[in-house]
$ cat upload_18.cif   # mmCIF, N, CA and C atoms
data_structure
#
loop_
_atom_site.label_atom_id
_atom_site.label_comp_id
_atom_site.auth_asym_id
_atom_site.auth_seq_id
_atom_site.Cartn_x
_atom_site.Cartn_y
_atom_site.Cartn_z
N MET A 1 35.35 -11.40 36.08
CA MET A 1 34.34 -10.49 36.55
C MET A 1 33.99 -9.44 35.49
N VAL A 2 34.99 -8.89 34.81
CA VAL A 2 34.77 -7.89 33.77
C VAL A 2 34.00 -8.51 32.61
N THR A 3 34.39 -9.74 32.22
CA THR A 3 33.70 -10.44 31.15
C THR A 3 32.24 -10.66 31.48
N MET A 4 31.94 -10.99 32.70
CA MET A 4 30.57 -11.22 33.13
C MET A 4 29.76 -9.93 33.05
N LYS A 5 30.35 -8.79 33.43
CA LYS A 5 29.65 -7.51 33.35
C LYS A 5 29.37 -7.13 31.91
N ILE A 6 30.34 -7.35 31.03
CA ILE A 6 30.15 -7.04 29.61
C ILE A 6 29.06 -7.92 29.02
N THR A 7 29.07 -9.20 29.34
CA THR A 7 28.05 -10.12 28.86
C THR A 7 26.67 -9.70 29.35
N LEU A 8 26.57 -9.34 30.61
CA LEU A 8 25.31 -8.90 31.19
C LEU A 8 24.81 -7.63 30.51
N CYS A 9 25.69 -6.67 30.26
CA CYS A 9 25.31 -5.43 29.57
C CYS A 9 24.82 -5.73 28.15
N ALA A 10 25.51 -6.62 27.45
CA ALA A 10 25.11 -6.98 26.09
C ALA A 10 23.74 -7.62 26.08
N MET A 11 23.45 -8.47 27.06
CA MET A 11 22.14 -9.12 27.14
C MET A 11 21.04 -8.10 27.41
N VAL A 12 21.29 -7.16 28.31
CA VAL A 12 20.31 -6.13 28.64
C VAL A 12 20.02 -5.26 27.41
N LEU A 13 21.07 -4.85 26.71
CA LEU A 13 20.88 -4.04 25.50
C LEU A 13 20.10 -4.81 24.44
N SER A 14 20.38 -6.08 24.28
CA SER A 14 19.67 -6.90 23.30
C SER A 14 18.19 -6.96 23.61
N VAL A 15 17.85 -7.16 24.85
CA VAL A 15 16.45 -7.23 25.27
C VAL A 15 15.76 -5.87 25.06
N LEU A 16 16.45 -4.78 25.38
CA LEU A 16 15.86 -3.45 25.21
C LEU A 16 15.66 -3.08 23.75
N MET A 17 16.52 -3.54 22.87
CA MET A 17 16.42 -3.21 21.45
C MET A 17 15.49 -4.13 20.69
N LEU A 18 15.12 -5.25 21.23
CA LEU A 18 14.29 -6.22 20.53
C LEU A 18 12.98 -5.63 20.01
N PRO A 19 12.20 -4.88 20.79
CA PRO A 19 10.96 -4.31 20.26
C PRO A 19 11.20 -3.37 19.08
N THR A 20 12.28 -2.62 19.08
CA THR A 20 12.59 -1.71 17.99
C THR A 20 12.90 -2.49 16.72
N VAL A 21 13.70 -3.52 16.83
CA VAL A 21 14.04 -4.33 15.67
C VAL A 21 12.81 -5.04 15.13
N LEU A 22 12.02 -5.63 15.98
CA LEU A 22 10.82 -6.33 15.53
C LEU A 22 9.81 -5.37 14.94
N GLY A 23 9.65 -4.20 15.53
CA GLY A 23 8.70 -3.22 15.03
C GLY A 23 9.06 -2.73 13.64
N ALA A 24 10.33 -2.60 13.36
CA ALA A 24 10.77 -2.11 12.06
C ALA A 24 10.47 -3.12 10.96
N GLN A 25 10.39 -4.39 11.30
CA GLN A 25 10.17 -5.42 10.30
C GLN A 25 8.71 -5.82 10.18
N ALA A 26 7.88 -5.44 11.11
CA ALA A 26 6.48 -5.85 11.08
C ALA A 26 5.75 -5.19 9.92
N PRO A 27 4.93 -5.96 9.19
CA PRO A 27 4.19 -5.36 8.08
C PRO A 27 3.12 -4.40 8.59
N ALA A 28 2.84 -3.40 7.79
CA ALA A 28 1.81 -2.43 8.13
C ALA A 28 0.44 -3.11 8.12
N THR A 29 -0.45 -2.64 8.94
CA THR A 29 -1.81 -3.17 8.97
C THR A 29 -2.65 -2.40 7.97
N VAL A 30 -2.96 -3.01 6.84
CA VAL A 30 -3.72 -2.31 5.79
C VAL A 30 -5.11 -2.90 5.58
N ALA A 31 -5.42 -4.00 6.26
CA ALA A 31 -6.74 -4.61 6.08
C ALA A 31 -7.81 -3.61 6.52
N GLY A 32 -8.88 -3.53 5.74
CA GLY A 32 -9.97 -2.64 6.07
C GLY A 32 -10.37 -1.74 4.92
N ARG A 33 -11.11 -0.70 5.26
CA ARG A 33 -11.65 0.23 4.27
C ARG A 33 -10.87 1.55 4.32
N TRP A 34 -10.48 2.03 3.14
CA TRP A 34 -9.72 3.27 2.98
C TRP A 34 -10.44 4.14 1.95
N GLU A 35 -10.45 5.46 2.18
CA GLU A 35 -11.14 6.36 1.25
C GLU A 35 -10.30 7.60 0.99
N GLY A 36 -10.51 8.19 -0.20
CA GLY A 36 -9.81 9.42 -0.56
C GLY A 36 -10.36 9.98 -1.86
N GLU A 37 -9.64 10.94 -2.39
CA GLU A 37 -9.97 11.55 -3.68
C GLU A 37 -8.82 11.28 -4.63
N ILE A 38 -9.17 10.92 -5.86
CA ILE A 38 -8.16 10.60 -6.85
C ILE A 38 -8.50 11.37 -8.12
N GLY A 39 -7.48 11.80 -8.82
CA GLY A 39 -7.77 12.51 -10.05
C GLY A 39 -6.54 13.02 -10.73
N GLU A 40 -6.79 13.58 -11.89
CA GLU A 40 -5.73 14.18 -12.69
C GLU A 40 -6.35 15.27 -13.55
N LYS A 41 -5.56 16.21 -13.96
CA LYS A 41 -5.99 17.31 -14.82
C LYS A 41 -7.17 18.07 -14.22
N GLY A 42 -7.15 18.29 -12.89
CA GLY A 42 -8.18 19.09 -12.24
C GLY A 42 -9.49 18.38 -11.95
N LYS A 43 -9.64 17.14 -12.38
CA LYS A 43 -10.86 16.38 -12.11
C LYS A 43 -10.56 15.33 -11.04
N THR A 44 -11.40 15.27 -10.01
CA THR A 44 -11.20 14.25 -8.98
C THR A 44 -12.48 13.44 -8.82
N GLU A 45 -12.32 12.25 -8.31
CA GLU A 45 -13.46 11.41 -7.97
C GLU A 45 -13.13 10.65 -6.69
N HIS A 46 -14.18 10.25 -6.01
CA HIS A 46 -14.04 9.53 -4.74
C HIS A 46 -13.56 8.11 -5.01
N ILE A 47 -12.61 7.64 -4.20
CA ILE A 47 -12.11 6.28 -4.32
C ILE A 47 -12.27 5.58 -2.97
N VAL A 48 -12.72 4.34 -3.04
CA VAL A 48 -12.84 3.49 -1.86
C VAL A 48 -12.01 2.24 -2.14
N MET A 49 -11.13 1.90 -1.21
CA MET A 49 -10.33 0.69 -1.32
C MET A 49 -10.66 -0.20 -0.14
N VAL A 50 -11.01 -1.45 -0.43
CA VAL A 50 -11.29 -2.42 0.62
C VAL A 50 -10.23 -3.50 0.48
N MET A 51 -9.40 -3.64 1.52
CA MET A 51 -8.25 -4.54 1.43
C MET A 51 -8.29 -5.63 2.50
N ALA A 52 -7.79 -6.80 2.13
CA ALA A 52 -7.63 -7.92 3.05
C ALA A 52 -6.19 -8.41 2.93
N VAL A 53 -5.64 -8.85 4.05
CA VAL A 53 -4.26 -9.32 4.07
C VAL A 53 -4.20 -10.69 4.71
N GLU A 54 -3.47 -11.60 4.08
CA GLU A 54 -3.21 -12.92 4.63
C GLU A 54 -1.71 -13.15 4.50
N GLY A 55 -1.00 -13.13 5.63
CA GLY A 55 0.46 -13.18 5.59
C GLY A 55 0.96 -11.89 4.98
N ASP A 56 1.70 -11.98 3.87
CA ASP A 56 2.11 -10.77 3.16
C ASP A 56 1.35 -10.59 1.85
N ARG A 57 0.32 -11.42 1.63
CA ARG A 57 -0.50 -11.32 0.41
C ARG A 57 -1.65 -10.34 0.61
N LEU A 58 -1.82 -9.45 -0.36
CA LEU A 58 -2.86 -8.43 -0.33
C LEU A 58 -3.90 -8.73 -1.40
N SER A 59 -5.16 -8.62 -1.05
CA SER A 59 -6.24 -8.73 -2.03
C SER A 59 -7.28 -7.68 -1.69
N GLY A 60 -8.21 -7.48 -2.60
CA GLY A 60 -9.26 -6.52 -2.32
C GLY A 60 -9.84 -5.94 -3.58
N SER A 61 -10.55 -4.81 -3.40
CA SER A 61 -11.18 -4.17 -4.54
C SER A 61 -11.11 -2.65 -4.39
N ILE A 62 -11.22 -1.99 -5.53
CA ILE A 62 -11.26 -0.54 -5.60
C ILE A 62 -12.60 -0.15 -6.19
N LEU A 63 -13.29 0.74 -5.50
CA LEU A 63 -14.60 1.21 -5.96
C LEU A 63 -14.47 2.66 -6.39
N LEU A 64 -14.76 2.92 -7.65
CA LEU A 64 -14.78 4.26 -8.21
C LEU A 64 -16.19 4.52 -8.73
N PRO A 65 -16.58 5.77 -8.92
CA PRO A 65 -17.91 6.03 -9.48
C PRO A 65 -18.11 5.39 -10.86
N THR A 66 -17.02 5.19 -11.60
CA THR A 66 -17.11 4.67 -12.97
C THR A 66 -16.68 3.22 -13.12
N ALA A 67 -16.17 2.59 -12.06
CA ALA A 67 -15.67 1.22 -12.20
C ALA A 67 -15.44 0.58 -10.85
N GLU A 68 -15.43 -0.76 -10.87
CA GLU A 68 -14.99 -1.56 -9.71
C GLU A 68 -13.85 -2.43 -10.20
N LEU A 69 -12.71 -2.35 -9.52
CA LEU A 69 -11.52 -3.06 -9.94
C LEU A 69 -11.07 -4.03 -8.87
N ASP A 70 -10.60 -5.21 -9.29
CA ASP A 70 -10.04 -6.18 -8.36
C ASP A 70 -8.54 -5.98 -8.25
N MET A 71 -8.02 -6.11 -7.03
CA MET A 71 -6.58 -6.04 -6.80
C MET A 71 -5.99 -7.42 -7.07
N GLY A 72 -4.95 -7.47 -7.89
CA GLY A 72 -4.27 -8.73 -8.16
C GLY A 72 -2.79 -8.62 -7.88
N SER A 73 -2.14 -9.74 -7.67
CA SER A 73 -0.69 -9.80 -7.43
C SER A 73 -0.27 -8.84 -6.33
N GLY A 74 -1.06 -8.75 -5.27
CA GLY A 74 -0.79 -7.79 -4.20
C GLY A 74 0.10 -8.32 -3.11
N SER A 75 0.85 -7.40 -2.49
CA SER A 75 1.70 -7.77 -1.36
C SER A 75 1.88 -6.58 -0.41
N VAL A 76 2.20 -6.93 0.83
CA VAL A 76 2.54 -5.94 1.85
C VAL A 76 3.87 -6.37 2.45
N LYS A 77 4.85 -5.49 2.36
CA LYS A 77 6.18 -5.78 2.92
C LYS A 77 6.61 -4.56 3.72
N GLY A 78 6.60 -4.70 5.05
CA GLY A 78 6.90 -3.55 5.90
C GLY A 78 5.81 -2.51 5.72
N ARG A 79 6.18 -1.31 5.33
CA ARG A 79 5.21 -0.24 5.08
C ARG A 79 4.83 -0.13 3.61
N ALA A 80 5.44 -0.98 2.75
CA ALA A 80 5.21 -0.91 1.31
C ALA A 80 4.04 -1.81 0.89
N VAL A 81 3.17 -1.25 0.07
CA VAL A 81 2.00 -1.95 -0.46
C VAL A 81 2.10 -1.90 -1.98
N GLN A 82 1.79 -3.02 -2.64
CA GLN A 82 1.76 -3.00 -4.10
C GLN A 82 0.75 -4.01 -4.62
N PHE A 83 0.15 -3.68 -5.78
CA PHE A 83 -0.79 -4.57 -6.44
C PHE A 83 -1.00 -4.08 -7.86
N ALA A 84 -1.74 -4.84 -8.64
CA ALA A 84 -2.06 -4.48 -10.02
C ALA A 84 -3.57 -4.55 -10.23
N THR A 85 -4.06 -3.72 -11.14
CA THR A 85 -5.46 -3.78 -11.55
C THR A 85 -5.50 -3.82 -13.07
N VAL A 86 -6.59 -4.34 -13.60
CA VAL A 86 -6.80 -4.38 -15.05
C VAL A 86 -8.07 -3.59 -15.34
N ARG A 87 -7.99 -2.70 -16.34
CA ARG A 87 -9.15 -1.86 -16.67
C ARG A 87 -9.26 -1.70 -18.19
N ARG A 88 -10.48 -1.76 -18.66
CA ARG A 88 -10.76 -1.55 -20.09
C ARG A 88 -11.08 -0.06 -20.28
N LEU A 89 -10.32 0.58 -21.15
CA LEU A 89 -10.52 1.99 -21.47
C LEU A 89 -10.56 2.16 -22.98
N GLY A 90 -11.67 2.67 -23.51
CA GLY A 90 -11.76 2.92 -24.94
C GLY A 90 -11.51 1.69 -25.79
N GLY A 91 -11.98 0.53 -25.35
CA GLY A 91 -11.80 -0.70 -26.10
C GLY A 91 -10.46 -1.38 -25.90
N GLU A 92 -9.55 -0.75 -25.19
CA GLU A 92 -8.25 -1.34 -24.91
C GLU A 92 -8.20 -1.81 -23.46
N VAL A 93 -7.39 -2.84 -23.20
CA VAL A 93 -7.22 -3.36 -21.84
C VAL A 93 -5.85 -2.92 -21.33
N TYR A 94 -5.86 -2.29 -20.14
CA TYR A 94 -4.64 -1.78 -19.54
C TYR A 94 -4.42 -2.39 -18.16
N THR A 95 -3.17 -2.70 -17.85
CA THR A 95 -2.80 -3.12 -16.51
C THR A 95 -2.13 -1.93 -15.82
N PHE A 96 -2.62 -1.60 -14.63
CA PHE A 96 -2.06 -0.50 -13.85
C PHE A 96 -1.34 -1.08 -12.64
N ASN A 97 -0.14 -0.60 -12.38
CA ASN A 97 0.67 -1.04 -11.24
C ASN A 97 0.62 0.04 -10.17
N TRP A 98 0.15 -0.35 -8.97
CA TRP A 98 -0.05 0.55 -7.85
C TRP A 98 1.01 0.29 -6.79
N THR A 99 1.58 1.35 -6.23
CA THR A 99 2.50 1.22 -5.11
C THR A 99 2.11 2.25 -4.06
N GLY A 100 2.28 1.87 -2.80
CA GLY A 100 1.93 2.79 -1.73
C GLY A 100 2.83 2.63 -0.53
N THR A 101 2.85 3.67 0.30
CA THR A 101 3.61 3.66 1.55
C THR A 101 2.65 4.02 2.68
N VAL A 102 2.59 3.15 3.67
CA VAL A 102 1.69 3.33 4.81
C VAL A 102 2.38 4.14 5.89
N THR A 103 1.68 5.18 6.36
CA THR A 103 2.14 5.97 7.50
C THR A 103 0.94 6.16 8.42
N GLY A 104 0.87 5.33 9.44
CA GLY A 104 -0.27 5.41 10.35
C GLY A 104 -1.57 5.06 9.66
N ASP A 105 -2.51 6.01 9.65
CA ASP A 105 -3.82 5.79 9.03
C ASP A 105 -3.93 6.40 7.64
N VAL A 106 -2.78 6.60 6.97
CA VAL A 106 -2.75 7.17 5.62
C VAL A 106 -1.85 6.30 4.74
N ILE A 107 -2.30 6.09 3.51
CA ILE A 107 -1.44 5.44 2.51
C ILE A 107 -1.25 6.43 1.36
N ALA A 108 -0.01 6.75 1.05
CA ALA A 108 0.33 7.58 -0.11
C ALA A 108 0.54 6.64 -1.29
N PHE A 109 -0.33 6.72 -2.29
CA PHE A 109 -0.29 5.82 -3.44
C PHE A 109 0.16 6.54 -4.70
N SER A 110 0.66 5.77 -5.63
CA SER A 110 0.83 6.21 -7.01
C SER A 110 0.53 5.00 -7.88
N TYR A 111 0.10 5.29 -9.10
CA TYR A 111 -0.08 4.19 -10.05
C TYR A 111 0.27 4.66 -11.45
N VAL A 112 0.66 3.70 -12.27
CA VAL A 112 1.02 3.98 -13.64
C VAL A 112 0.69 2.74 -14.46
N ASP A 113 0.34 2.94 -15.74
CA ASP A 113 0.04 1.77 -16.58
C ASP A 113 1.35 1.08 -16.96
N GLU A 114 1.23 -0.20 -17.30
CA GLU A 114 2.43 -1.00 -17.53
C GLU A 114 3.30 -0.50 -18.68
N TYR A 115 2.73 0.20 -19.64
CA TYR A 115 3.52 0.71 -20.77
C TYR A 115 3.82 2.20 -20.65
N ARG A 116 3.40 2.78 -19.52
CA ARG A 116 3.64 4.20 -19.23
C ARG A 116 3.09 5.11 -20.33
N GLN A 117 1.89 4.78 -20.83
CA GLN A 117 1.24 5.62 -21.83
C GLN A 117 0.49 6.78 -21.17
N PHE A 118 0.17 6.63 -19.88
CA PHE A 118 -0.55 7.67 -19.14
C PHE A 118 0.39 8.24 -18.09
N PRO A 119 0.16 9.48 -17.66
CA PRO A 119 1.02 10.03 -16.60
C PRO A 119 0.78 9.33 -15.27
N MET A 120 1.81 9.32 -14.42
CA MET A 120 1.68 8.73 -13.08
C MET A 120 0.69 9.57 -12.28
N VAL A 121 -0.17 8.88 -11.53
CA VAL A 121 -1.16 9.55 -10.69
C VAL A 121 -0.78 9.30 -9.23
N LYS A 122 -0.78 10.36 -8.42
CA LYS A 122 -0.47 10.24 -6.99
C LYS A 122 -1.66 10.74 -6.18
N PHE A 123 -1.93 10.07 -5.05
CA PHE A 123 -3.04 10.45 -4.19
C PHE A 123 -2.87 9.77 -2.84
N THR A 124 -3.70 10.14 -1.87
CA THR A 124 -3.68 9.48 -0.56
C THR A 124 -5.07 8.99 -0.21
N VAL A 125 -5.09 7.94 0.60
CA VAL A 125 -6.34 7.44 1.16
C VAL A 125 -6.17 7.36 2.67
N LYS A 126 -7.30 7.50 3.38
CA LYS A 126 -7.27 7.44 4.84
C LYS A 126 -8.10 6.27 5.31
N ARG A 127 -7.62 5.63 6.40
CA ARG A 127 -8.33 4.50 7.00
C ARG A 127 -9.66 4.97 7.54
N GLN A 128 -10.70 4.18 7.28
CA GLN A 128 -12.03 4.47 7.82
C GLN A 128 -12.24 3.55 9.01
N LYS A 129 -12.66 4.13 10.10
CA LYS A 129 -12.81 3.35 11.35
C LYS A 129 -14.26 3.09 11.65
#

$ encode --input "upload_18.cif" --output "structure tokens"
Amino acid sequence: MVTMKITLCAMVLSVLMLPTVLGAQAPATVAGRWEGEIGEKGKTEHIVMVMAVEGDRLSGSILLPTAELDMGSGSVKGRAVQFATVRRLGGEVYTFNWTGTVTGDVIAFSYVDEYRQFPMVKFTVKRQK
């Protein structure tokens, strides 16, 4: 009888905890349009990110007043977002690695070039509904 009660309690607890466990592992929903301000050294510009997700693969584009960049090698794992962009600056080609953390309708991003020749840039974007 005691064993049956313990087994029953364990089953009830397992069922009650299932949504919490599954929710912690579910990838963030990042598909859609996101906007914010990005800049460094006191200068900012408007940034628009349009993202699509298939499984854990992320693709999309970044629209800046001075450039349009494609997202490559992107992924979404839990609340973590990452991708790379390639940009030509002053005749040189640079790859920038972007990482972000999703919290509700906000993504806190940072990016840095692959050789760390430029300072890390941090900014946030908000989901557009």

$ atom_distance --input "upload_18.cif" --atom1 "atom N of Ser73 of chain A" --atom2 "atom N of Gly60 of chain A"
8.2 Å

$ residues_near_point --input "upload_18.cif" --point "(-8.7, -3.8, -8.8)" --cutoff "6 Å" --atoms "only C-alpha atoms" --output "JSON, numbers by chain"
{"A": [61, 62, 69, 70, 71, 85]}

$ residues_near_point --input "upload_18.cif" --point "(1.6, 0.1, -2.4)" --cutoff "8 Å" --atoms "all atoms listed in the file" --output "PyMOL selection string"
chain A and resi 75-76+79-83+97-102+107-110

$ residues_around --input "upload_18.cif" --residues "Ala52 of chain A" --least-positions-apart "5" --cutoff "6 Å" --atoms "all atoms listed in the file" --output "count of residues only"
7

$ closest_residue --input "upload_18.cif" --among "A:Gly39, A:Ala67, A:Gly104, A:His46" --to "Phe123 of chain A" --atoms "only N, CA and C atoms"
A:Gly39

$ closest_residue --input "upload_18.cif" --among "A:Arg33, A:Lys129, A:Phe96, A:Glu68" --to "Val112 of chain A" --atoms "only N, CA and C atoms"
A:Phe96

$ atom_distance --input "upload_18.cif" --atom1 "atom C of Thr29 of chain A" --atom2 "atom C of Tyr111 of chain A"
20.9 Å

$ resolve_selection --input "upload_18.cif" --expression "the PyMOL selection byres (((chain A and resi 45 and name CA) around 10) and name CA)" --output "ChimeraX atom specification"
/A:36-40,43-44,46-47,64-66

$ residues_around --input "upload_18.cif" --residues "Trp34 of chain A" --least-positions-apart "6" --cutoff "8 Å" --atoms "all atoms listed in the file" --output "PyMOL selection string"
chain A and resi 47-51+107+124-129

$ write_last_selection --input "upload_18.cif" --atoms "N, CA and C atoms" --output "compact mmCIF listing (two decimals), keeping the file's coordinate frame"
# COMPACT_ATOMS: atom_id res chain seq x y z
N ILE A 47 -12.61 7.64 -4.20
CA ILE A 47 -12.11 6.28 -4.32
C ILE A 47 -12.27 5.58 -2.97
N VAL A 48 -12.72 4.34 -3.04
CA VAL A 48 -12.84 3.49 -1.86
C VAL A 48 -12.01 2.24 -2.14
N MET A 49 -11.13 1.90 -1.21
CA MET A 49 -10.33 0.69 -1.32
C MET A 49 -10.66 -0.20 -0.14
N VAL A 50 -11.01 -1.45 -0.43
CA VAL A 50 -11.29 -2.42 0.62
C VAL A 50 -10.23 -3.50 0.48
N MET A 51 -9.40 -3.64 1.52
CA MET A 51 -8.25 -4.54 1.43
C MET A 51 -8.29 -5.63 2.50
N ILE A 107 -2.30 6.09 3.51
CA ILE A 107 -1.44 5.44 2.51
C ILE A 107 -1.25 6.43 1.36
N THR A 124 -3.70 10.14 -1.87
CA THR A 124 -3.68 9.48 -0.56
C THR A 124 -5.07 8.99 -0.21
N VAL A 125 -5.09 7.94 0.60
CA VAL A 125 -6.34 7.44 1.16
C VAL A 125 -6.17 7.36 2.67
N LYS A 126 -7.30 7.50 3.38
CA LYS A 126 -7.27 7.44 4.84
C LYS A 126 -8.10 6.27 5.31
N ARG A 127 -7.62 5.63 6.40
CA ARG A 127 -8.33 4.50 7.00
C ARG A 127 -9.66 4.97 7.54
N GLN A 128 -10.70 4.18 7.28
CA GLN A 128 -12.03 4.47 7.82
C GLN A 128 -12.24 3.55 9.01
N LYS A 129 -12.66 4.13 10.10
CA LYS A 129 -12.81 3.35 11.35
C LYS A 129 -14.26 3.09 11.65

$ atom_distance --input "upload_18.cif" --atom1 "atom CA of Met120 of chain A" --atom2 "atom CA of Gly91 of chain A"
21.0 Å

$ closest_residue --input "upload_18.cif" --among "A:Gly72, A:Asp105, A:Glu54, A:Lys41" --to "Phe118 of chain A" --atoms "only C-alpha atoms"
A:Lys41

$ decode --input "upload_18.cif" --residues "segment 110-129 of chain A" --atoms "N, CA, C and O atoms" --output "PDB file, in the first residue's frame"
ATOM      1  N   SER A 110      24.855  41.222 -29.333  1.00  0.00           N
ATOM      2  CA  SER A 110      26.201  41.776 -29.441  1.00  0.00           C
ATOM      3  C   SER A 110      26.809  41.179 -30.698  1.00  0.00           C
ATOM      4  O   SER A 110      26.412  40.112 -31.155  1.00  0.00           O
ATOM      5  N   TYR A 111      27.744  41.917 -31.270  1.00  0.00           N
ATOM      6  CA  TYR A 111      28.481  41.357 -32.406  1.00  0.00           C
ATOM      7  C   TYR A 111      29.914  41.842 -32.382  1.00  0.00           C
ATOM      8  O   TYR A 111      30.238  42.886 -31.813  1.00  0.00           O
ATOM      9  N   VAL A 112      30.773  41.041 -32.980  1.00  0.00           N
ATOM     10  CA  VAL A 112      32.185  41.355 -33.050  1.00  0.00           C
ATOM     11  C   VAL A 112      32.728  40.735 -34.338  1.00  0.00           C
ATOM     12  O   VAL A 112      32.222  39.709 -34.803  1.00  0.00           O
ATOM     13  N   ASP A 113      33.746  41.376 -34.927  1.00  0.00           N
ATOM     14  CA  ASP A 113      34.327  40.794 -36.144  1.00  0.00           C
ATOM     15  C   ASP A 113      35.187  39.595 -35.774  1.00  0.00           C
ATOM     16  O   ASP A 113      35.649  39.468 -34.648  1.00  0.00           O
ATOM     17  N   GLU A 114      35.384  38.719 -36.751  1.00  0.00           N
ATOM     18  CA  GLU A 114      36.053  37.452 -36.472  1.00  0.00           C
ATOM     19  C   GLU A 114      37.487  37.611 -35.970  1.00  0.00           C
ATOM     20  O   GLU A 114      37.998  36.744 -35.277  1.00  0.00           O
ATOM     21  N   TYR A 115      38.151  38.705 -36.293  1.00  0.00           N
ATOM     22  CA  TYR A 115      39.532  38.907 -35.838  1.00  0.00           C
ATOM     23  C   TYR A 115      39.620  39.900 -34.676  1.00  0.00           C
ATOM     24  O   TYR A 115      40.698  40.260 -34.250  1.00  0.00           O
ATOM     25  N   ARG A 116      38.450  40.344 -34.210  1.00  0.00           N
ATOM     26  CA  ARG A 116      38.359  41.275 -33.084  1.00  0.00           C
ATOM     27  C   ARG A 116      39.169  42.554 -33.315  1.00  0.00           C
ATOM     28  O   ARG A 116      39.848  43.061 -32.416  1.00  0.00           O
ATOM     29  N   GLN A 117      39.103  43.074 -34.549  1.00  0.00           N
ATOM     30  CA  GLN A 117      39.772  44.333 -34.864  1.00  0.00           C
ATOM     31  C   GLN A 117      38.925  45.534 -34.458  1.00  0.00           C
ATOM     32  O   GLN A 117      39.435  46.632 -34.303  1.00  0.00           O
ATOM     33  N   PHE A 118      37.607  45.319 -34.310  1.00  0.00           N
ATOM     34  CA  PHE A 118      36.689  46.381 -33.924  1.00  0.00           C
ATOM     35  C   PHE A 118      36.155  46.072 -32.530  1.00  0.00           C
ATOM     36  O   PHE A 118      36.078  44.916 -32.133  1.00  0.00           O
ATOM     37  N   PRO A 119      35.733  47.099 -31.786  1.00  0.00           N
ATOM     38  CA  PRO A 119      35.158  46.817 -30.462  1.00  0.00           C
ATOM     39  C   PRO A 119      33.815  46.102 -30.579  1.00  0.00           C
ATOM     40  O   PRO A 119      33.105  46.255 -31.573  1.00  0.00           O
ATOM     41  N   MET A 120      33.477  45.324 -29.544  1.00  0.00           N
ATOM     42  CA  MET A 120      32.187  44.641 -29.509  1.00  0.00           C
ATOM     43  C   MET A 120      31.082  45.688 -29.419  1.00  0.00           C
ATOM     44  O   MET A 120      31.202  46.671 -28.705  1.00  0.00           O
ATOM     45  N   VAL A 121      30.013  45.466 -30.170  1.00  0.00           N
ATOM     46  CA  VAL A 121      28.867  46.367 -30.166  1.00  0.00           C
ATOM     47  C   VAL A 121      27.690  45.634 -29.524  1.00  0.00           C
ATOM     48  O   VAL A 121      27.423  44.483 -29.862  1.00  0.00           O
ATOM     49  N   LYS A 122      27.002  46.301 -28.589  1.00  0.00           N
ATOM     50  CA  LYS A 122      25.837  45.715 -27.918  1.00  0.00           C
ATOM     51  C   LYS A 122      24.628  46.612 -28.169  1.00  0.00           C
ATOM     52  O   LYS A 122      24.754  47.833 -28.167  1.00  0.00           O
ATOM     53  N   PHE A 123      23.458  45.978 -28.359  1.00  0.00           N
ATOM     54  CA  PHE A 123      22.229  46.721 -28.606  1.00  0.00           C
ATOM     55  C   PHE A 123      21.040  45.791 -28.406  1.00  0.00           C
ATOM     56  O   PHE A 123      21.220  44.585 -28.252  1.00  0.00           O
ATOM     57  N   THR A 124      19.837  46.336 -28.422  1.00  0.00           N
ATOM     58  CA  THR A 124      18.624  45.517 -28.330  1.00  0.00           C
ATOM     59  C   THR A 124      17.694  45.837 -29.489  1.00  0.00           C
ATOM     60  O   THR A 124      17.718  46.949 -30.029  1.00  0.00           O
ATOM     61  N   VAL A 125      16.906  44.839 -29.850  1.00  0.00           N
ATOM     62  CA  VAL A 125      15.849  45.025 -30.832  1.00  0.00           C
ATOM     63  C   VAL A 125      14.550  44.531 -30.210  1.00  0.00           C
ATOM     64  O   VAL A 125      14.561  43.675 -29.334  1.00  0.00           O
ATOM     65  N   LYS A 126      13.437  45.125 -30.678  1.00  0.00           N
ATOM     66  CA  LYS A 126      12.122  44.740 -30.164  1.00  0.00           C
ATOM     67  C   LYS A 126      11.285  44.180 -31.287  1.00  0.00           C
ATOM     68  O   LYS A 126      11.331  44.652 -32.429  1.00  0.00           O
ATOM     69  N   ARG A 127      10.477  43.159 -30.942  1.00  0.00           N
ATOM     70  CA  ARG A 127       9.580  42.523 -31.911  1.00  0.00           C
ATOM     71  C   ARG A 127       8.547  43.530 -32.377  1.00  0.00           C
ATOM     72  O   ARG A 127       7.962  44.270 -31.581  1.00  0.00           O
ATOM     73  N   GLN A 128       8.307  43.556 -33.685  1.00  0.00           N
ATOM     74  CA  GLN A 128       7.280  44.414 -34.263  1.00  0.00           C
ATOM     75  C   GLN A 128       6.065  43.544 -34.534  1.00  0.00           C
ATOM     76  O   GLN A 128       6.175  42.487 -35.141  1.00  0.00           O
ATOM     77  N   LYS A 129       4.930  43.995 -34.084  1.00  0.00           N
ATOM     78  CA  LYS A 129       3.694  43.184 -34.212  1.00  0.00           C
ATOM     79  C   LYS A 129       2.797  43.736 -35.293  1.00  0.00           C
ATOM     80  O   LYS A 129       2.815  44.840 -35.670  1.00  0.00           O
TER      81      LYS A 129
END
